[in-house]
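Structure, as structure tokens:
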Amino acid sequence: MSTQAAIAQSPRDQMFPNADSCYARAYTKAHLAKHSGQQVVGISVSRTREVDEPYLGLYLTLQLRGVPGGFQAYAACENEAGHLYCTMEGDAGGFQIDPAEDGAIILSVSSLGMSFENDNGFATLERSEGDDRSFLMRPALCH
């Protein structure tokens with residue numbers, strides 16, 4: 001795809017062009033050893049199968065150090081300037097997704113933070129503190 005064609009596409013169409021679009025990141029032990037304050041050990045974001053026009057529905061999974069089971073969340077996203085802005089279900093916060101080099105994306109925690117809940121408790125990622133504020137993810141097979 002030419003650079004002009006990529007610029008002409010909306011962020012939604014550029015980063016999530018079809019129902020199988022998915023991005024993920026699993027952090028290595030070496031990376032985590034260098035970033036002892038980072039709690040996220042794995043993260044993925046993929047399109048949901050439901051169509052909720054005009055929004056793009058995304059499914060987010062998150063694994064944290066020492067927390068069994070992981071977390072799951074739904075977000076509704078819309079094009080905003082050159083990125084997607086996503087609000088999470090309920091009052092769980094939000095995030096922004098920007099395109100990155102080589103087909104990757106960068107997911108950044110919004111000023112509202114991101115909150116998750118599972119049977120083992122709660123987790124919150126803050127934009128203003130900690131090592132869990134943005135995540136570089138590459139295309140992956142998630143379904």
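Following the order of the structure tokens, chains are lettered A, B, ..., residues in each are numbered from 1, and ligands are numbered from 1.
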
Using only C-alpha atoms, find each residue in region 76-105 of chain A having at least one atom no more than 6 Å away from region 109-125 of chain A; report its shortest atom-to-atom pair and that distance in Å (one decimal), rows by chain then rising number, as a Markdown table.
| residue | atom | partner | partner_atom | distance |
| --- | --- | --- | --- | --- |
| A:Ala92 | CA | A:Ser115 | CA | 4.8 |
| A:Gly93 | CA | A:Met114 | CA | 4.6 |
| A:Gly94 | CA | A:Ser110 | CA | 5.4 |
| A:Phe95 | CA | A:Val109 | CA | 4.5 |

Would you write out those residues with all heavy atoms, as an mmCIF file, in the first residue's frame?
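And here's result.cif as it stands now:
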data_model
loop_
_atom_site.group_PDB
_atom_site.id
_atom_site.type_symbol
_atom_site.label_atom_id
_atom_site.label_comp_id
_atom_site.auth_asym_id
_atom_site.auth_seq_id
_atom_site.Cartn_x
_atom_site.Cartn_y
_atom_site.Cartn_z
ATOM 1 N N ALA A 92 -14.831 2.385 33.211
ATOM 2 C CA ALA A 92 -13.529 1.752 33.371
ATOM 3 C C ALA A 92 -12.391 2.520 32.715
ATOM 4 O O ALA A 92 -11.261 2.053 32.700
ATOM 5 C CB ALA A 92 -13.573 0.324 32.841
ATOM 6 N N GLY A 93 -12.661 3.704 32.151
ATOM 7 C CA GLY A 93 -11.592 4.495 31.576
ATOM 8 C C GLY A 93 -11.508 4.368 30.074
ATOM 9 O O GLY A 93 -12.496 4.084 29.401
ATOM 10 N N GLY A 94 -10.306 4.553 29.554
ATOM 11 C CA GLY A 94 -10.151 4.503 28.115
ATOM 12 C C GLY A 94 -8.700 4.469 27.678
ATOM 13 O O GLY A 94 -7.780 4.480 28.498
ATOM 14 N N PHE A 95 -8.513 4.437 26.366
ATOM 15 C CA PHE A 95 -7.178 4.395 25.790
ATOM 16 C C PHE A 95 -7.222 4.935 24.380
ATOM 17 O O PHE A 95 -8.285 5.085 23.776
ATOM 18 C CB PHE A 95 -6.596 2.974 25.827
ATOM 19 C CG PHE A 95 -7.465 1.922 25.200
ATOM 20 C CD1 PHE A 95 -7.323 1.570 23.864
ATOM 21 C CD2 PHE A 95 -8.424 1.255 25.947
ATOM 22 C CE1 PHE A 95 -8.109 0.588 23.280
ATOM 23 C CE2 PHE A 95 -9.223 0.268 25.386
ATOM 24 C CZ PHE A 95 -9.064 -0.067 24.050
#

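Using only C-alpha atoms, the protein and nucleic acid residues lying no more than 7 Å from region 38-53 of chain A, apart from those fewer than 2 places from it along its own chain, are Ala19, Asp20, Ser21, Cys22, Tyr23, Ala24, Arg25, Ala26, Tyr27, Leu32, His35, Ser36, Tyr55, Leu56, Gly57, Leu58, Tyr59, Leu60, Thr61, Leu62, Gln63, Leu64, Arg65, Gly130, Asp131 and Asp132 of chain A.
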
What residues in region 1-59 of chain A get the DSSP label alpha helix (DSSP H)? Please answer as a ChimeraX atom specification. /A:3-8,11-15,29-34

Write the residues you've just listed into a file as a CSV table (one decimal), in the first residue's frame, and include all heavy atoms for each of them.
chain,number,residue,atom,x,y,z
A,3,THR,N,2.1,5.1,0.6
A,3,THR,CA,2.0,6.0,1.8
A,3,THR,C,0.7,6.9,1.7
A,3,THR,O,0.0,7.1,2.7
A,3,THR,CB,3.2,6.9,1.9
A,3,THR,OG1,4.3,6.0,2.0
A,3,THR,CG2,3.1,7.8,3.1
A,4,GLN,N,0.4,7.4,0.5
A,4,GLN,CA,-0.7,8.2,0.3
A,4,GLN,C,-2.0,7.5,0.6
A,4,GLN,O,-3.0,8.0,1.2
A,4,GLN,CB,-0.8,8.8,-1.1
A,4,GLN,CG,0.2,9.9,-1.3
A,4,GLN,CD,0.1,10.5,-2.7
A,4,GLN,OE1,-0.2,9.8,-3.7
A,4,GLN,NE2,0.4,11.8,-2.8
A,5,ALA,N,-2.1,6.2,0.2
A,5,ALA,CA,-3.3,5.4,0.4
A,5,ALA,C,-3.5,5.2,1.9
A,5,ALA,O,-4.6,5.2,2.4
A,5,ALA,CB,-3.2,4.1,-0.3
A,6,ALA,N,-2.4,4.9,2.6
A,6,ALA,CA,-2.5,4.7,4.1
A,6,ALA,C,-2.9,6.0,4.8
A,6,ALA,O,-3.7,6.0,5.7
A,6,ALA,CB,-1.1,4.3,4.6
A,7,ILE,N,-2.4,7.2,4.3
A,7,ILE,CA,-2.9,8.4,4.9
A,7,ILE,C,-4.3,8.7,4.6
A,7,ILE,O,-5.1,9.2,5.5
A,7,ILE,CB,-2.0,9.6,4.3
A,7,ILE,CG1,-0.6,9.5,4.9
A,7,ILE,CG2,-2.6,11.0,4.7
A,7,ILE,CD1,0.4,10.4,4.2
A,8,ALA,N,-4.8,8.3,3.5
A,8,ALA,CA,-6.2,8.5,3.1
A,8,ALA,C,-7.2,7.6,3.9
A,8,ALA,O,-8.3,8.0,4.1
A,8,ALA,CB,-6.4,8.3,1.6
A,11,PRO,N,-8.1,5.9,10.7
A,11,PRO,CA,-7.4,5.1,11.6
A,11,PRO,C,-8.0,3.7,11.8
A,11,PRO,O,-7.3,2.7,11.9
A,11,PRO,CB,-7.4,5.9,12.9
A,11,PRO,CG,-7.5,7.3,12.5
A,11,PRO,CD,-8.4,7.2,11.3
A,12,ARG,N,-9.4,3.6,11.9
A,12,ARG,CA,-10.1,2.4,12.0
A,12,ARG,C,-9.8,1.4,10.9
A,12,ARG,O,-9.4,0.3,11.1
A,12,ARG,CB,-11.6,2.7,12.1
A,12,ARG,CG,-12.4,1.4,12.1
A,12,ARG,CD,-13.9,1.8,12.0
A,12,ARG,NE,-14.7,0.7,12.0
A,12,ARG,CZ,-16.0,0.7,12.3
A,12,ARG,NH1,-16.6,1.8,12.8
A,12,ARG,NH2,-16.7,-0.4,12.3
A,13,ASP,N,-9.9,1.9,9.6
A,13,ASP,CA,-9.6,1.1,8.4
A,13,ASP,C,-8.2,0.7,8.3
A,13,ASP,O,-7.9,-0.4,7.8
A,13,ASP,CB,-10.1,1.8,7.2
A,13,ASP,CG,-11.6,2.0,7.1
A,13,ASP,OD1,-12.3,1.3,7.9
A,13,ASP,OD2,-12.1,2.9,6.4
A,14,GLN,N,-7.3,1.6,8.7
A,14,GLN,CA,-5.9,1.3,8.6
A,14,GLN,C,-5.4,0.3,9.6
A,14,GLN,O,-4.7,-0.7,9.3
A,14,GLN,CB,-5.1,2.6,8.9
A,14,GLN,CG,-3.6,2.4,8.8
A,14,GLN,CD,-2.8,3.7,9.1
A,14,GLN,OE1,-3.4,4.8,9.4
A,14,GLN,NE2,-1.5,3.7,9.0
A,15,MET,N,-5.9,0.3,10.9
A,15,MET,CA,-5.4,-0.6,11.9
A,15,MET,C,-6.3,-1.8,12.1
A,15,MET,O,-5.8,-2.8,12.5
A,15,MET,CB,-5.2,0.2,13.2
A,15,MET,CG,-4.2,1.3,13.2
A,15,MET,SD,-4.0,2.2,14.7
A,15,MET,CE,-5.4,3.2,14.7
A,29,LYS,N,10.9,-12.3,30.0
A,29,LYS,CA,11.5,-12.2,31.4
A,29,LYS,C,12.6,-11.2,31.4
A,29,LYS,O,12.7,-10.5,32.4
A,29,LYS,CB,11.9,-13.6,31.9
A,29,LYS,CG,10.8,-14.5,32.2
A,29,LYS,CD,11.3,-15.9,32.7
A,29,LYS,CE,10.2,-16.8,32.9
A,29,LYS,NZ,10.6,-18.1,33.5
A,30,ALA,N,13.4,-11.1,30.4
A,30,ALA,CA,14.5,-10.2,30.4
A,30,ALA,C,14.0,-8.8,30.4
A,30,ALA,O,14.5,-7.9,31.1
A,30,ALA,CB,15.4,-10.4,29.1
A,31,HIS,N,12.9,-8.5,29.6
A,31,HIS,CA,12.3,-7.1,29.6
A,31,HIS,C,11.8,-6.8,30.9
A,31,HIS,O,12.0,-5.7,31.4
A,31,HIS,CB,11.2,-7.1,28.5
A,31,HIS,CG,10.5,-5.8,28.5
A,31,HIS,ND1,10.8,-4.7,27.7
A,31,HIS,CD2,9.4,-5.4,29.2
A,31,HIS,CE1,10.0,-3.7,28.0
A,31,HIS,NE2,9.1,-4.1,28.9
A,32,LEU,N,11.0,-7.7,31.5
A,32,LEU,CA,10.4,-7.5,32.8
A,32,LEU,C,11.4,-7.3,33.9
A,32,LEU,O,11.2,-6.5,34.8
A,32,LEU,CB,9.4,-8.6,33.2
A,32,LEU,CG,8.2,-8.7,32.2
A,32,LEU,CD1,7.4,-10.0,32.5
A,32,LEU,CD2,7.3,-7.5,32.4
A,33,ALA,N,12.6,-8.0,33.8
A,33,ALA,CA,13.7,-7.8,34.8
A,33,ALA,C,14.2,-6.4,34.7
A,33,ALA,O,14.6,-5.8,35.8
A,33,ALA,CB,14.8,-8.8,34.6
A,34,LYS,N,14.3,-5.8,33.5
A,34,LYS,CA,14.8,-4.5,33.4
A,34,LYS,C,13.8,-3.4,33.8
A,34,LYS,O,14.1,-2.3,34.0
A,34,LYS,CB,15.2,-4.2,31.9
A,34,LYS,CG,16.4,-5.0,31.5
A,34,LYS,CD,16.7,-4.7,30.1
A,34,LYS,CE,17.9,-5.6,29.6
A,34,LYS,NZ,18.1,-5.4,28.1

So which bits of region 101-143 of chain A end up strand (DSSP E or B) when you DSSP the backbone, as a PDB file with N, CA and C atoms, in the first residue's frame?
ATOM      1  N   ILE A 105       0.989  -1.107  16.336  1.00  0.00           N
ATOM      2  CA  ILE A 105       0.193  -0.049  16.944  1.00  0.00           C
ATOM      3  C   ILE A 105       0.786   0.294  18.316  1.00  0.00           C
ATOM      4  N   ILE A 106       0.447   1.472  18.808  1.00  0.00           N
ATOM      5  CA  ILE A 106       0.787   1.856  20.177  1.00  0.00           C
ATOM      6  C   ILE A 106      -0.518   2.146  20.903  1.00  0.00           C
ATOM      7  N   LEU A 107      -0.773   1.390  21.958  1.00  0.00           N
ATOM      8  CA  LEU A 107      -1.945   1.605  22.800  1.00  0.00           C
ATOM      9  C   LEU A 107      -1.481   2.406  24.012  1.00  0.00           C
ATOM     10  N   SER A 108      -2.100   3.564  24.237  1.00  0.00           N
ATOM     11  CA  SER A 108      -1.717   4.450  25.345  1.00  0.00           C
ATOM     12  C   SER A 108      -2.899   4.628  26.284  1.00  0.00           C
ATOM     13  N   VAL A 109      -2.643   4.504  27.570  1.00  0.00           N
ATOM     14  CA  VAL A 109      -3.661   4.696  28.590  1.00  0.00           C
ATOM     15  C   VAL A 109      -4.114   6.157  28.549  1.00  0.00           C
ATOM     16  N   SER A 110      -5.433   6.402  28.610  1.00  0.00           N
ATOM     17  CA  SER A 110      -5.939   7.777  28.589  1.00  0.00           C
ATOM     18  C   SER A 110      -5.781   8.428  29.956  1.00  0.00           C
ATOM     19  N   SER A 111      -6.082   9.707  30.016  1.00  0.00           N
ATOM     20  CA  SER A 111      -6.008  10.427  31.289  1.00  0.00           C
ATOM     21  C   SER A 111      -7.005   9.880  32.301  1.00  0.00           C
ATOM     22  N   LEU A 112      -8.006   9.130  31.841  1.00  0.00           N
ATOM     23  CA  LEU A 112      -8.989   8.502  32.725  1.00  0.00           C
ATOM     24  C   LEU A 112      -8.465   7.212  33.346  1.00  0.00           C
ATOM     25  N   GLY A 113      -7.317   6.726  32.867  1.00  0.00           N
ATOM     26  CA  GLY A 113      -6.801   5.440  33.315  1.00  0.00           C
ATOM     27  C   GLY A 113      -7.573   4.305  32.668  1.00  0.00           C
ATOM     28  N   MET A 114      -7.239   3.076  33.055  1.00  0.00           N
ATOM     29  CA  MET A 114      -7.931   1.874  32.579  1.00  0.00           C
ATOM     30  C   MET A 114      -8.112   0.954  33.781  1.00  0.00           C
ATOM     31  N   SER A 115      -9.347   0.563  34.054  1.00  0.00           N
ATOM     32  CA  SER A 115      -9.631  -0.301  35.196  1.00  0.00           C
ATOM     33  C   SER A 115     -10.191  -1.632  34.731  1.00  0.00           C
ATOM     34  N   PHE A 116      -9.799  -2.683  35.442  1.00  0.00           N
ATOM     35  CA  PHE A 116     -10.209  -4.045  35.111  1.00  0.00           C
ATOM     36  C   PHE A 116     -10.665  -4.754  36.373  1.00  0.00           C
ATOM     37  N   GLU A 117     -11.519  -5.753  36.176  1.00  0.00           N
ATOM     38  CA  GLU A 117     -11.987  -6.552  37.309  1.00  0.00           C
ATOM     39  C   GLU A 117     -12.100  -8.008  36.870  1.00  0.00           C
ATOM     40  N   ASN A 118     -11.702  -8.916  37.765  1.00  0.00           N
ATOM     41  CA  ASN A 118     -11.956 -10.340  37.560  1.00  0.00           C
ATOM     42  C   ASN A 118     -12.285 -10.951  38.915  1.00  0.00           C
ATOM     43  N   GLY A 121      -9.965  -9.869  41.817  1.00  0.00           N
ATOM     44  CA  GLY A 121      -9.814  -8.493  42.272  1.00  0.00           C
ATOM     45  C   GLY A 121      -9.842  -7.475  41.157  1.00  0.00           C
ATOM     46  N   PHE A 122      -9.252  -6.329  41.445  1.00  0.00           N
ATOM     47  CA  PHE A 122      -9.244  -5.190  40.542  1.00  0.00           C
ATOM     48  C   PHE A 122      -7.816  -4.835  40.147  1.00  0.00           C
ATOM     49  N   ALA A 123      -7.700  -4.177  38.991  1.00  0.00           N
ATOM     50  CA  ALA A 123      -6.411  -3.648  38.554  1.00  0.00           C
ATOM     51  C   ALA A 123      -6.668  -2.337  37.836  1.00  0.00           C
ATOM     52  N   THR A 124      -5.797  -1.388  38.032  1.00  0.00           N
ATOM     53  CA  THR A 124      -5.905  -0.095  37.353  1.00  0.00           C
ATOM     54  C   THR A 124      -4.555   0.289  36.777  1.00  0.00           C
ATOM     55  N   LEU A 125      -4.573   0.723  35.525  1.00  0.00           N
ATOM     56  CA  LEU A 125      -3.388   1.291  34.888  1.00  0.00           C
ATOM     57  C   LEU A 125      -3.585   2.795  34.846  1.00  0.00           C
ATOM     58  N   SER A 134       1.976   2.825  28.089  1.00  0.00           N
ATOM     59  CA  SER A 134       1.816   2.631  26.644  1.00  0.00           C
ATOM     60  C   SER A 134       2.433   1.291  26.257  1.00  0.00           C
ATOM     61  N   PHE A 135       1.877   0.709  25.190  1.00  0.00           N
ATOM     62  CA  PHE A 135       2.254  -0.647  24.796  1.00  0.00           C
ATOM     63  C   PHE A 135       2.387  -0.719  23.278  1.00  0.00           C
ATOM     64  N   LEU A 136       3.563  -1.119  22.822  1.00  0.00           N
ATOM     65  CA  LEU A 136       3.790  -1.348  21.401  1.00  0.00           C
ATOM     66  C   LEU A 136       3.374  -2.782  21.108  1.00  0.00           C
ATOM     67  N   MET A 137       2.420  -2.935  20.184  1.00  0.00           N
ATOM     68  CA  MET A 137       1.916  -4.277  19.856  1.00  0.00           C
ATOM     69  C   MET A 137       2.008  -4.502  18.343  1.00  0.00           C
ATOM     70  N   ARG A 138       2.251  -5.747  18.001  1.00  0.00           N
ATOM     71  CA  ARG A 138       2.371  -6.136  16.593  1.00  0.00           C
ATOM     72  C   ARG A 138       1.176  -7.005  16.183  1.00  0.00           C
ATOM     73  N   PRO A 139       0.905  -7.087  14.878  1.00  0.00           N
ATOM     74  CA  PRO A 139      -0.173  -7.950  14.420  1.00  0.00           C
ATOM     75  C   PRO A 139       0.029  -9.393  14.929  1.00  0.00           C
TER      76      PRO A 139
END

Taking only C-alpha atoms into account, which of A:Glu78, A:Cys142, A:Gln96, A:Glu129 comes nearest Gly37 (chain A)? A:Glu129

Point-to-point distance in Å for CA of Phe16 (chain A) and CA of Thr87 (chain A):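 A separation of 16.5 Å between them.
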